[in-house]
>>> print(open('query-v4.pdb').read())   # PDB, C-alpha atoms (C1' of nucleotides)
ATOM      1  CA  MET M   1    -102.379 263.968  81.140
ATOM      2  CA  ARG M   2    -103.840 260.926  82.799
ATOM      3  CA  ASP M   3    -103.915 262.814  86.089
ATOM      4  CA  VAL M   4    -105.742 265.645  84.366
ATOM      5  CA  ALA M   5    -108.378 263.212  83.173
ATOM      6  CA  GLU M   6    -108.631 261.838  86.698
ATOM      7  CA  VAL M   7    -109.447 265.245  88.144
ATOM      8  CA  PHE M   8    -112.067 265.843  85.479
ATOM      9  CA  ASN M   9    -113.426 262.377  86.036
ATOM     10  CA  LEU M  10    -113.905 263.065  89.740
ATOM     11  CA  LEU M  11    -115.888 266.186  88.893
ATOM     12  CA  GLY M  12    -117.739 264.299  86.168
ATOM     13  CA  ASP M  13    -120.265 262.691  88.444
ATOM     14  CA  PRO M  14    -123.496 264.492  89.362
ATOM     15  CA  THR M  15    -123.263 263.474  92.997
ATOM     16  CA  ARG M  16    -119.672 264.616  93.396
ATOM     17  CA  VAL M  17    -120.257 267.920  91.624
ATOM     18  CA  ARG M  18    -123.172 268.617  93.911
ATOM     19  CA  ILE M  19    -121.011 267.802  96.903
ATOM     20  CA  VAL M  20    -118.249 270.098  95.686
ATOM     21  CA  ASP M  21    -120.785 272.791  94.857
ATOM     22  CA  ALA M  22    -122.229 272.555  98.360
ATOM     23  CA  LEU M  23    -118.740 272.899  99.799
ATOM     24  CA  THR M  24    -118.124 276.139  97.912
ATOM     25  CA  HIS M  25    -120.387 277.757 100.487
ATOM     26  CA  GLY M  26    -118.318 276.512 103.403
ATOM     27  CA  GLU M  27    -117.583 273.308 105.248
ATOM     28  CA  ARG M  28    -120.321 270.751 105.823
ATOM     29  CA  CYS M  29    -120.612 267.539 107.786
ATOM     30  CA  VAL M  30    -121.445 264.247 106.074
ATOM     31  CA  CYS M  31    -125.060 264.062 107.190
ATOM     32  CA  ASP M  32    -125.741 267.592 105.971
ATOM     33  CA  LEU M  33    -124.160 266.766 102.615
ATOM     34  CA  ALA M  34    -126.244 263.596 102.438
ATOM     35  CA  SER M  35    -129.489 265.504 102.877
ATOM     36  CA  LEU M  36    -128.319 268.194 100.452
ATOM     37  CA  VAL M  37    -127.642 265.730  97.644
ATOM     38  CA  GLY M  38    -130.511 263.436  98.616
ATOM     39  CA  LEU M  39    -128.494 260.269  99.068
ATOM     40  CA  SER M  40    -127.563 257.975 101.912
ATOM     41  CA  GLU M  41    -124.701 258.951 104.196
ATOM     42  CA  SER M  42    -122.968 255.802 103.039
ATOM     43  CA  ALA M  43    -123.047 256.844  99.404
ATOM     44  CA  VAL M  44    -121.787 260.318 100.261
ATOM     45  CA  SER M  45    -119.042 258.877 102.404
ATOM     46  CA  HIS M  46    -117.922 256.701  99.504
ATOM     47  CA  GLN M  47    -117.688 259.712  97.217
ATOM     48  CA  LEU M  48    -115.960 261.846  99.834
ATOM     49  CA  ARG M  49    -113.371 259.115 100.128
ATOM     50  CA  LEU M  50    -112.533 259.536  96.444
ATOM     51  CA  LEU M  51    -112.463 263.322  96.650
ATOM     52  CA  ARG M  52    -110.254 263.054  99.730
ATOM     53  CA  ALA M  53    -107.819 260.701  97.999
ATOM     54  CA  ALA M  54    -107.429 263.225  95.188
ATOM     55  CA  ARG M  55    -106.919 266.003  97.732
ATOM     56  CA  LEU M  56    -109.871 267.933  96.392
ATOM     57  CA  VAL M  57    -111.396 268.047  99.866
ATOM     58  CA  ARG M  58    -110.010 267.890 103.381
ATOM     59  CA  VAL M  59    -111.647 266.725 106.579
ATOM     60  CA  ARG M  60    -111.733 268.236 110.058
ATOM     61  CA  ARG M  61    -113.014 265.933 112.764
ATOM     62  CA  ALA M  62    -114.942 267.381 115.690
ATOM     63  CA  GLY M  63    -116.250 264.742 118.036
ATOM     64  CA  ARG M  64    -118.342 262.334 116.062
ATOM     65  CA  LEU M  65    -118.815 264.738 113.200
ATOM     66  CA  ALA M  66    -116.567 265.078 110.169
ATOM     67  CA  PHE M  67    -116.563 268.470 108.509
ATOM     68  CA  TYR M  68    -115.470 268.491 104.897
ATOM     69  CA  ALA M  69    -114.170 271.511 103.008
ATOM     70  CA  LEU M  70    -112.583 272.206  99.654
ATOM     71  CA  ASP M  71    -108.835 271.674  99.783
ATOM     72  CA  ASP M  72    -108.027 273.226  96.447
ATOM     73  CA  HIS M  73    -108.201 276.798  95.262
ATOM     74  CA  HIS M  74    -108.429 275.683  91.634
ATOM     75  CA  VAL M  75    -111.594 273.640  91.936
ATOM     76  CA  VAL M  76    -113.781 276.648  92.633
ATOM     77  CA  GLY M  77    -112.430 278.287  89.498
ATOM     78  CA  LEU M  78    -112.971 275.192  87.388
ATOM     79  CA  LEU M  79    -116.534 274.872  88.625
ATOM     80  CA  ARG M  80    -117.244 278.546  88.001
ATOM     81  CA  ASP M  81    -115.765 278.472  84.491
ATOM     82  CA  THR M  82    -117.663 275.343  83.544
ATOM     83  CA  CYS M  83    -120.925 276.730  84.869
ATOM     84  CA  ARG M  84    -120.319 279.767  82.709
ATOM     85  CA  HIS M  85    -119.664 277.537  79.716
ATOM     86  CA  VAL M  86    -122.859 275.578  80.239
ATOM     87  CA  GLU M  87    -124.861 278.784  80.512
ATOM     88  CA  GLU M  88    -123.293 280.264  77.390
ATOM     89  CA  GLU M  89    -123.666 277.221  75.171
ATOM     90  CA  PRO M  90    -127.140 275.719  75.458
ATOM     91  CA  ARG M  91    -127.276 272.051  74.541
ATOM     92  CA  ALA M  92    -128.969 271.121  71.308
TER
ATOM     93  CA  MET G  21    -125.442 271.220  87.563
ATOM     94  CA  ARG G  22    -126.002 267.976  85.738
ATOM     95  CA  ASP G  23    -124.766 269.614  82.556
ATOM     96  CA  VAL G  24    -121.675 270.757  84.403
ATOM     97  CA  ALA G  25    -120.989 267.192  85.449
ATOM     98  CA  GLU G  26    -121.485 266.095  81.869
ATOM     99  CA  VAL G  27    -118.811 268.464  80.589
ATOM    100  CA  PHE G  28    -116.391 267.296  83.267
ATOM    101  CA  ASN G  29    -117.284 263.706  82.506
ATOM    102  CA  LEU G  30    -116.444 264.188  78.835
ATOM    103  CA  LEU G  31    -113.045 265.544  79.798
ATOM    104  CA  GLY G  32    -112.654 262.802  82.388
ATOM    105  CA  ASP G  33    -111.494 260.144  79.970
ATOM    106  CA  PRO G  34    -107.820 259.807  79.007
ATOM    107  CA  THR G  35    -108.611 259.271  75.338
ATOM    108  CA  ARG G  36    -110.861 262.302  75.087
ATOM    109  CA  VAL G  37    -108.454 264.534  76.978
ATOM    110  CA  ARG G  38    -105.694 263.525  74.609
ATOM    111  CA  ILE G  39    -107.953 264.296  71.668
ATOM    112  CA  VAL G  40    -108.839 267.708  73.068
ATOM    113  CA  ASP G  41    -105.201 268.351  73.919
ATOM    114  CA  ALA G  42    -104.180 267.506  70.367
ATOM    115  CA  LEU G  43    -106.820 269.902  69.083
ATOM    116  CA  THR G  44    -105.412 272.775  71.119
ATOM    117  CA  HIS G  45    -102.642 272.900  68.514
ATOM    118  CA  GLY G  46    -105.085 273.283  65.639
ATOM    119  CA  GLU G  47    -107.569 271.233  63.682
ATOM    120  CA  ARG G  48    -106.867 267.574  62.902
ATOM    121  CA  CYS G  49    -108.535 264.944  60.770
ATOM    122  CA  VAL G  50    -109.782 261.693  62.292
ATOM    123  CA  CYS G  51    -106.981 259.486  61.020
ATOM    124  CA  ASP G  52    -104.347 261.877  62.402
ATOM    125  CA  LEU G  53    -106.095 261.938  65.763
ATOM    126  CA  ALA G  54    -106.270 258.152  65.722
ATOM    127  CA  SER G  55    -102.523 257.819  65.230
ATOM    128  CA  LEU G  56    -101.861 260.545  67.801
ATOM    129  CA  VAL G  57    -103.818 258.780  70.531
ATOM    130  CA  GLY G  58    -102.868 255.302  69.344
ATOM    131  CA  LEU G  59    -106.360 253.951  68.837
ATOM    132  CA  SER G  60    -108.505 252.819  65.934
ATOM    133  CA  GLU G  61    -110.288 255.411  63.835
ATOM    134  CA  SER G  62    -113.530 253.809  64.924
ATOM    135  CA  ALA G  63    -112.799 254.362  68.589
ATOM    136  CA  VAL G  64    -111.768 257.957  67.948
ATOM    137  CA  SER G  65    -114.871 258.556  65.866
ATOM    138  CA  HIS G  66    -117.032 257.293  68.692
ATOM    139  CA  GLN G  67    -115.423 259.722  71.123
ATOM    140  CA  LEU G  68    -115.591 262.598  68.665
ATOM    141  CA  ARG G  69    -119.286 261.946  68.359
ATOM    142  CA  LEU G  70    -119.688 262.540  72.084
ATOM    143  CA  LEU G  71    -117.525 265.653  72.038
ATOM    144  CA  ARG G  72    -119.498 266.891  69.056
ATOM    145  CA  ALA G  73    -122.837 266.337  70.772
ATOM    146  CA  ALA G  74    -121.639 268.452  73.678
ATOM    147  CA  ARG G  75    -120.435 271.125  71.256
ATOM    148  CA  LEU G  76    -116.905 270.881  72.587
ATOM    149  CA  VAL G  77    -115.598 270.274  69.062
ATOM    150  CA  ARG G  78    -116.854 271.150  65.616
ATOM    151  CA  VAL G  79    -116.247 269.439  62.314
ATOM    152  CA  ARG G  80    -115.321 270.831  58.916
ATOM    153  CA  ARG G  81    -115.659 268.378  56.037
ATOM    154  CA  ALA G  82    -113.316 268.603  53.097
ATOM    155  CA  GLY G  83    -113.803 265.842  50.590
ATOM    156  CA  ARG G  84    -113.518 262.553  52.390
ATOM    157  CA  LEU G  85    -111.677 264.069  55.314
ATOM    158  CA  ALA G  86    -113.278 265.472  58.450
ATOM    159  CA  PHE G  87    -111.263 268.108  60.267
ATOM    160  CA  TYR G  88    -112.099 268.536  63.903
ATOM    161  CA  ALA G  89    -111.348 271.629  65.968
ATOM    162  CA  LEU G  90    -112.208 272.931  69.415
ATOM    163  CA  ASP G  91    -115.548 274.700  69.385
ATOM    164  CA  ASP G  92    -115.252 276.267  72.782
ATOM    165  CA  HIS G  93    -112.998 278.972  74.119
ATOM    166  CA  HIS G  94    -113.493 277.737  77.669
ATOM    167  CA  VAL G  95    -112.123 274.248  77.185
ATOM    168  CA  VAL G  96    -108.591 275.432  76.577
ATOM    169  CA  GLY G  97    -108.737 277.382  79.822
ATOM    170  CA  LEU G  98    -110.143 274.441  81.755
ATOM    171  CA  LEU G  99    -107.438 272.178  80.435
ATOM    172  CA  ARG G 100    -104.706 274.676  81.239
ATOM    173  CA  ASP G 101    -105.992 275.324  84.759
ATOM    174  CA  THR G 102    -106.310 271.636  85.528
ATOM    175  CA  CYS G 103    -102.831 270.933  84.219
ATOM    176  CA  ARG G 104    -101.570 273.634  86.564
ATOM    177  CA  HIS G 105    -103.468 272.058  89.433
ATOM    178  CA  VAL G 106    -102.021 268.630  88.765
ATOM    179  CA  GLU G 107     -98.514 270.046  88.653
ATOM    180  CA  GLU G 108     -98.983 272.028  91.862
ATOM    181  CA  GLU G 109    -100.521 269.273  93.937
ATOM    182  CA  PRO G 110     -98.617 266.023  93.584
ATOM    183  CA  ARG G 111    -100.706 262.946  94.371
ATOM    184  CA  ALA G 112     -99.991 261.110  97.604
TER
ATOM    185  C1'  DT T   7    -122.069 250.271 131.060
ATOM    186  C1'  DT T   8    -125.746 251.039 127.793
ATOM    187  C1'  DG T   9    -127.680 253.245 124.048
ATOM    188  C1'  DA T  10    -127.870 256.475 120.346
ATOM    189  C1'  DC T  11    -125.458 258.822 116.892
ATOM    190  C1'  DA T  12    -122.037 259.917 113.040
ATOM    191  C1'  DT T  13    -119.039 258.020 110.023
ATOM    192  C1'  DC T  14    -116.392 254.517 107.548
ATOM    193  C1'  DT T  15    -115.768 250.327 104.824
ATOM    194  C1'  DG T  16    -116.290 245.576 102.524
ATOM    195  C1'  DC T  17    -119.375 243.316  99.625
ATOM    196  C1'  DA T  18    -122.790 242.533  95.982
ATOM    197  C1'  DC T  19    -125.280 244.009  92.160
ATOM    198  C1'  DA T  20    -127.281 246.845  88.626
ATOM    199  C1'  DC T  21    -125.819 249.938  85.509
ATOM    200  C1'  DT T  22    -122.592 252.426  82.601
ATOM    201  C1'  DT T  23    -118.666 252.829  79.518
ATOM    202  C1'  DG T  24    -114.981 252.393  76.027
ATOM    203  C1'  DC T  25    -113.338 249.372  72.929
ATOM    204  C1'  DT T  26    -113.370 246.054  68.786
ATOM    205  C1'  DC T  27    -115.670 244.123  64.990
ATOM    206  C1'  DA T  28    -118.602 244.363  61.155
ATOM    207  C1'  DT T  29    -121.135 247.070  58.178
ATOM    208  C1'  DG T  30    -122.728 251.269  55.856
ATOM    209  C1'  DT T  31    -122.066 255.862  53.559
ATOM    210  C1'  DA T  32    -119.635 259.201  50.910
ATOM    211  C1'  DT T  33    -115.746 260.775  48.271
ATOM    212  C1'  DT T  34    -111.730 260.298  45.167
ATOM    213  C1'  DC T  35    -109.153 258.212  41.580
ATOM    214  C1'  DA T  36    -108.162 254.919  37.864
TER
ATOM    215  C1'  DT O  27    -117.784 251.532  36.741
ATOM    216  C1'  DG O  28    -115.018 249.655  40.258
ATOM    217  C1'  DA O  29    -111.766 249.872  43.964
ATOM    218  C1'  DA O  30    -109.691 252.275  47.636
ATOM    219  C1'  DT O  31    -109.899 255.655  51.202
ATOM    220  C1'  DA O  32    -111.945 258.277  55.229
ATOM    221  C1'  DC O  33    -115.308 258.373  58.324
ATOM    222  C1'  DA O  34    -119.678 257.027  60.838
ATOM    223  C1'  DT O  35    -122.565 253.811  63.305
ATOM    224  C1'  DG O  36    -124.791 249.728  65.547
ATOM    225  C1'  DA O  37    -124.040 245.486  68.205
ATOM    226  C1'  DG O  38    -121.765 243.095  71.686
ATOM    227  C1'  DC O  39    -118.582 242.352  75.359
ATOM    228  C1'  DA O  40    -115.164 242.995  79.151
ATOM    229  C1'  DA O  41    -114.122 246.186  82.558
ATOM    230  C1'  DG O  42    -115.294 249.833  85.526
ATOM    231  C1'  DT O  43    -118.526 252.595  88.611
ATOM    232  C1'  DG O  44    -122.126 254.224  92.017
ATOM    233  C1'  DT O  45    -125.211 252.832  95.387
ATOM    234  C1'  DG O  46    -127.499 250.272  99.222
ATOM    235  C1'  DC O  47    -126.896 246.967 102.792
ATOM    236  C1'  DA O  48    -124.700 245.158 106.716
ATOM    237  C1'  DG O  49    -121.364 245.517 109.996
ATOM    238  C1'  DA O  50    -117.421 247.872 112.402
ATOM    239  C1'  DT O  51    -115.355 251.897 114.675
ATOM    240  C1'  DG O  52    -115.401 255.805 117.487
ATOM    241  C1'  DT O  53    -117.897 259.496 120.187
ATOM    242  C1'  DC O  54    -121.158 261.468 123.352
ATOM    243  C1'  DA O  55    -124.705 261.415 126.980
ATOM    244  C1'  DA O  56    -127.242 259.245 130.617
TER
END
>>> encode(input="query-v4.pdb", output="structure tokens")
Amino acid sequence: MRDVAEVFNLLGDPTRVRIVDALTHGERCVCDLASLVGLSESAVSHQLRLLRAARLVRVRRAGRLAFYALDDHHVVGLLRDTCRHVEEEPRA
Amino acid sequence: MRDVAEVFNLLGDPTRVRIVDALTHGERCVCDLASLVGLSESAVSHQLRLLRAARLVRVRRAGRLAFYALDDHHVVGLLRDTCRHVEEEPRA
DNA sequence: TTGACATCTGCACACTTGCTCATGTATTCA
DNA sequence: TGAATACATGAGCAAGTGTGCAGATGTCAA
């Protein structure tokens, strides 16, 4: 149950959700992700490190670029279901 | 997308996941939840307040007791899917 | 080689978070 | 009424977290 909380916790950060969301459309390199989420490449790299450690994303290196992609068929479902929840239940 | 992260963040704490997990078996009062998760009633009440604000749980008052229950048909699914994920993909 | 580029990582710091403690409110029972 | 119970809430603190900065590594092109 602690591991469950850890997965949720990784997705419980705006930056990381935006990264994961961006990756649902296909693999992206770090600099593209950085411009997509509007943060420094350093910050994105730090977050990708966490997502990588939890095996939520995988990396494919091509020259000096590092392409990240989702490494989990459940994450897309979790994200989709939660988006649906948020849309259905408007916050007070 | 920020709201999505907020839902994940709420489920991303061991105490709150245990509370939600306990509530999947039916409604519980605060003191029962406190003994189930092994924390003070104050601590549990604080967390329930957050879950309540996000409409993940609802409260039914009966005398001096407050019975909490899941107020979201998605949460059970999220919890189940994530449990499955954790079991399928053992951490390194 | 030299330089530019893409990424990673250690460190520091501001900020957040979950808990305990103390107190307050509301209900029940004697 | 008074005391006990169940819960809620605000303050404060220790611990954790995300980010920028600086520097290191590795790659490509000239």
>>> closest_residue(input="query-v4.pdb", among="M:Arg58, M:His46, M:His25, M:Arg16", to="chain G", atoms="only C-alpha atoms")
M:Arg16
>>> closest_atom_pairs(input="query-v4.pdb", of="chain M", to="chain O", cutoff="10 Å", atoms="all atoms listed in the file", output="JSON lines")
{"residue": "M:Asp13", "atom": "CA", "partner": "O:DG44", "partner_atom": "C1'", "distance": 9.4}
{"residue": "M:Thr15", "atom": "CA", "partner": "O:DG44", "partner_atom": "C1'", "distance": 9.4}
{"residue": "M:Leu39", "atom": "CA", "partner": "O:DT45", "partner_atom": "C1'", "distance": 8.9}
{"residue": "M:Ser40", "atom": "CA", "partner": "O:DG46", "partner_atom": "C1'", "distance": 8.2}
{"residue": "M:Ser42", "atom": "CA", "partner": "O:DG46", "partner_atom": "C1'", "distance": 8.1}
{"residue": "M:Ala43", "atom": "CA", "partner": "O:DT45", "partner_atom": "C1'", "distance": 6.1}
{"residue": "M:Val44", "atom": "CA", "partner": "O:DT45", "partner_atom": "C1'", "distance": 9.6}
{"residue": "M:His46", "atom": "CA", "partner": "O:DG44", "partner_atom": "C1'", "distance": 8.9}
{"residue": "M:Gln47", "atom": "CA", "partner": "O:DG44", "partner_atom": "C1'", "distance": 8.8}
{"residue": "M:Ala62", "atom": "CA", "partner": "O:DT53", "partner_atom": "C1'", "distance": 9.5}
{"residue": "M:Gly63", "atom": "CA", "partner": "O:DT53", "partner_atom": "C1'", "distance": 5.9}
{"residue": "M:Arg64", "atom": "CA", "partner": "O:DT53", "partner_atom": "C1'", "distance": 5.0}
{"residue": "M:Leu65", "atom": "CA", "partner": "O:DT53", "partner_atom": "C1'", "distance": 8.8}
>>> write_last_selection(input="query-v4.pdb", atoms="C-alpha atoms", output="PDB file, in the frame of the given file")
ATOM      1  CA  ASP M  13    -120.265 262.691  88.444  1.00  0.00           C
ATOM      2  CA  THR M  15    -123.263 263.474  92.997  1.00  0.00           C
ATOM      3  CA  LEU M  39    -128.494 260.269  99.068  1.00  0.00           C
ATOM      4  CA  SER M  40    -127.563 257.975 101.912  1.00  0.00           C
ATOM      5  CA  SER M  42    -122.968 255.802 103.039  1.00  0.00           C
ATOM      6  CA  ALA M  43    -123.047 256.844  99.404  1.00  0.00           C
ATOM      7  CA  VAL M  44    -121.787 260.318 100.261  1.00  0.00           C
ATOM      8  CA  HIS M  46    -117.922 256.701  99.504  1.00  0.00           C
ATOM      9  CA  GLN M  47    -117.688 259.712  97.217  1.00  0.00           C
ATOM     10  CA  ALA M  62    -114.942 267.381 115.690  1.00  0.00           C
ATOM     11  CA  GLY M  63    -116.250 264.742 118.036  1.00  0.00           C
ATOM     12  CA  ARG M  64    -118.342 262.334 116.062  1.00  0.00           C
ATOM     13  CA  LEU M  65    -118.815 264.738 113.200  1.00  0.00           C
TER      14      LEU M  65
END
>>> resolve_selection(input="query-v4.pdb", expression="the PyMOL selection byres ((chain T) within 9 of (chain G))", output="ChimeraX atom specification")
/T:24-26,32-34
>>> write_last_selection(input="query-v4.pdb", atoms="C-alpha atoms (C1' of nucleotides)", output="short mmCIF file (atom, residue, chain, number, x, y, z; two decimals), in the coordinates of the input")
data_model
loop_
_atom_site.label_atom_id
_atom_site.label_comp_id
_atom_site.auth_asym_id
_atom_site.auth_seq_id
_atom_site.Cartn_x
_atom_site.Cartn_y
_atom_site.Cartn_z
"C1'" DG T 24 -114.98 252.39 76.03
"C1'" DC T 25 -113.34 249.37 72.93
"C1'" DT T 26 -113.37 246.05 68.79
"C1'" DA T 32 -119.64 259.20 50.91
"C1'" DT T 33 -115.75 260.77 48.27
"C1'" DT T 34 -111.73 260.30 45.17
#
>>> residues_near_point(input="query-v4.pdb", point="(-109.1, 260.6, 95.1)", cutoff="12 Å", atoms="all atoms listed in the file", output="JSON, numbers by chain")
{"M": [3, 6, 7, 8, 9, 10, 11, 16, 46, 47, 48, 49, 50, 51, 52, 53, 54, 55, 56, 57, 58], "G": [110, 111, 112]}
>>> atom_distance(input="query-v4.pdb", atom1="CA of Glu27 in chain M", atom2="C1' of DC11 in chain T")
20.2 Å
>>> resolve_selection(input="query-v4.pdb", expression="the PyMOL selection byres ((chain M and resi 72) around 10)", output="ChimeraX atom specification")
/M:55-58,69-71,73-77 /G:105,109
>>> atom_distance(input="query-v4.pdb", atom1="CA of Arg48 in chain G", atom2="CA of Ala86 in chain G")
8.1 Å
>>> atom_distance(input="query-v4.pdb", atom1="CA of Pro34 in chain G", atom2="CA of Arg2 in chain M")
5.6 Å
>>> closest_residue(input="query-v4.pdb", among="G:Val57, G:Ala42, G:Leu99, G:Ala25", to="chain M", atoms="all atoms listed in the file")
G:Ala25
>>> residues_around(input="query-v4.pdb", residues="Arg81 in chain G", least_positions_apart="6", cutoff="10 Å", atoms="all atoms listed in the file", output="ChimeraX atom specification")
/G:49,87-88
>>> write_last_selection(input="query-v4.pdb", atoms="C-alpha atoms", output="JSON list (two decimals), in the coordinates of the input")
[["chain", "number", "residue", "atom", "x", "y", "z"],
["G", 49, "CYS", "CA", -108.54, 264.94, 60.77],
["G", 87, "PHE", "CA", -111.26, 268.11, 60.27],
["G", 88, "TYR", "CA", -112.10, 268.54, 63.90]]
>>> decode(input="query-v4.pdb", residues="range 18-29 of chain T", atoms="N, CA and C atoms (P, O5', C5', C4', C3', O3' and C1' of nucleotides)", output="short mmCIF file (atom, residue, chain, number, x, y, z; two decimals), in the first residue's frame")
data_model
loop_
_atom_site.label_atom_id
_atom_site.label_comp_id
_atom_site.auth_asym_id
_atom_site.auth_seq_id
_atom_site.Cartn_x
_atom_site.Cartn_y
_atom_site.Cartn_z
P DA T 18 25.71 22.81 0.37
"O5'" DA T 18 24.64 23.97 0.14
"C5'" DA T 18 24.92 24.97 -0.83
"C4'" DA T 18 23.70 25.85 -1.03
"C3'" DA T 18 22.94 26.19 0.25
"O3'" DA T 18 22.62 27.57 0.26
"C1'" DA T 18 21.48 25.16 -1.31
P DC T 19 22.02 28.27 1.59
"O5'" DC T 19 20.53 28.60 1.15
"C5'" DC T 19 20.29 29.12 -0.15
"C4'" DC T 19 18.81 29.05 -0.47
"C3'" DC T 19 17.91 29.33 0.73
"O3'" DC T 19 16.87 30.20 0.34
"C1'" DC T 19 17.31 27.29 -0.27
P DA T 20 16.13 31.13 1.44
"O5'" DA T 20 14.64 31.19 0.89
"C5'" DA T 20 14.43 31.41 -0.49
"C4'" DA T 20 13.23 30.60 -0.97
"C3'" DA T 20 11.96 30.81 -0.15
"O3'" DA T 20 10.86 31.00 -1.02
"C1'" DA T 20 12.51 28.51 -0.22
P DC T 21 9.45 31.53 -0.40
"O5'" DC T 21 8.55 30.22 -0.41
"C5'" DC T 21 8.53 29.41 -1.59
"C4'" DC T 21 8.07 28.02 -1.24
"C3'" DC T 21 6.81 27.97 -0.38
"O3'" DC T 21 5.73 27.52 -1.19
"C1'" DC T 21 8.45 26.34 0.27
P DT T 22 4.24 27.41 -0.49
"O5'" DT T 22 4.16 25.85 -0.19
"C5'" DT T 22 4.60 24.93 -1.17
"C4'" DT T 22 4.64 23.52 -0.61
"C3'" DT T 22 3.35 23.09 0.12
"O3'" DT T 22 2.93 21.85 -0.40
"C1'" DT T 22 5.26 22.67 1.47
P DT T 23 1.51 21.24 0.04
"O5'" DT T 23 1.92 20.18 1.15
"C5'" DT T 23 3.07 19.38 0.95
"C4'" DT T 23 3.25 18.43 2.12
"C3'" DT T 23 1.95 18.07 2.86
"O3'" DT T 23 2.00 16.71 3.25
"C1'" DT T 23 3.49 18.99 4.37
P DG T 24 0.69 15.81 3.28
"O5'" DG T 24 0.84 15.00 4.64
"C5'" DG T 24 2.03 14.30 4.92
"C4'" DG T 24 2.23 14.18 6.41
"C3'" DG T 24 0.96 13.85 7.21
"O3'" DG T 24 1.25 12.83 8.16
"C1'" DG T 24 1.95 15.82 8.05
P DC T 25 0.10 12.15 9.03
"O5'" DC T 25 0.48 12.53 10.52
"C5'" DC T 25 1.76 12.18 11.03
"C4'" DC T 25 2.19 13.12 12.12
"C3'" DC T 25 1.24 13.20 13.30
"O3'" DC T 25 1.65 12.32 14.33
"C1'" DC T 25 2.07 15.37 12.65
P DT T 26 0.70 12.07 15.61
"O5'" DT T 26 1.12 13.25 16.59
"C5'" DT T 26 2.49 13.46 16.92
"C4'" DT T 26 2.64 14.70 17.81
"C3'" DT T 26 1.72 14.70 19.04
"O3'" DT T 26 2.45 15.11 20.19
"C1'" DT T 26 1.36 16.66 17.75
P DC T 27 1.81 14.91 21.66
"O5'" DC T 27 1.34 16.39 22.04
"C5'" DC T 27 2.24 17.48 21.87
"C4'" DC T 27 1.50 18.81 22.02
"C3'" DC T 27 0.46 18.83 23.14
"O3'" DC T 27 0.70 19.91 24.03
"C1'" DC T 27 -0.45 19.65 21.09
P DA T 28 -0.15 20.04 25.40
"O5'" DA T 28 -1.19 21.19 25.04
"C5'" DA T 28 -0.73 22.36 24.39
"C4'" DA T 28 -1.91 23.21 23.95
"C3'" DA T 28 -3.05 23.29 24.96
"O3'" DA T 28 -3.44 24.65 25.14
"C1'" DA T 28 -3.88 22.57 22.85
P DT T 29 -4.57 25.03 26.26
"O5'" DT T 29 -5.85 25.31 25.36
"C5'" DT T 29 -5.73 26.11 24.19
"C4'" DT T 29 -6.96 25.97 23.32
"C3'" DT T 29 -8.29 26.05 24.08
"O3'" DT T 29 -8.99 27.20 23.65
"C1'" DT T 29 -8.29 24.31 22.47
#
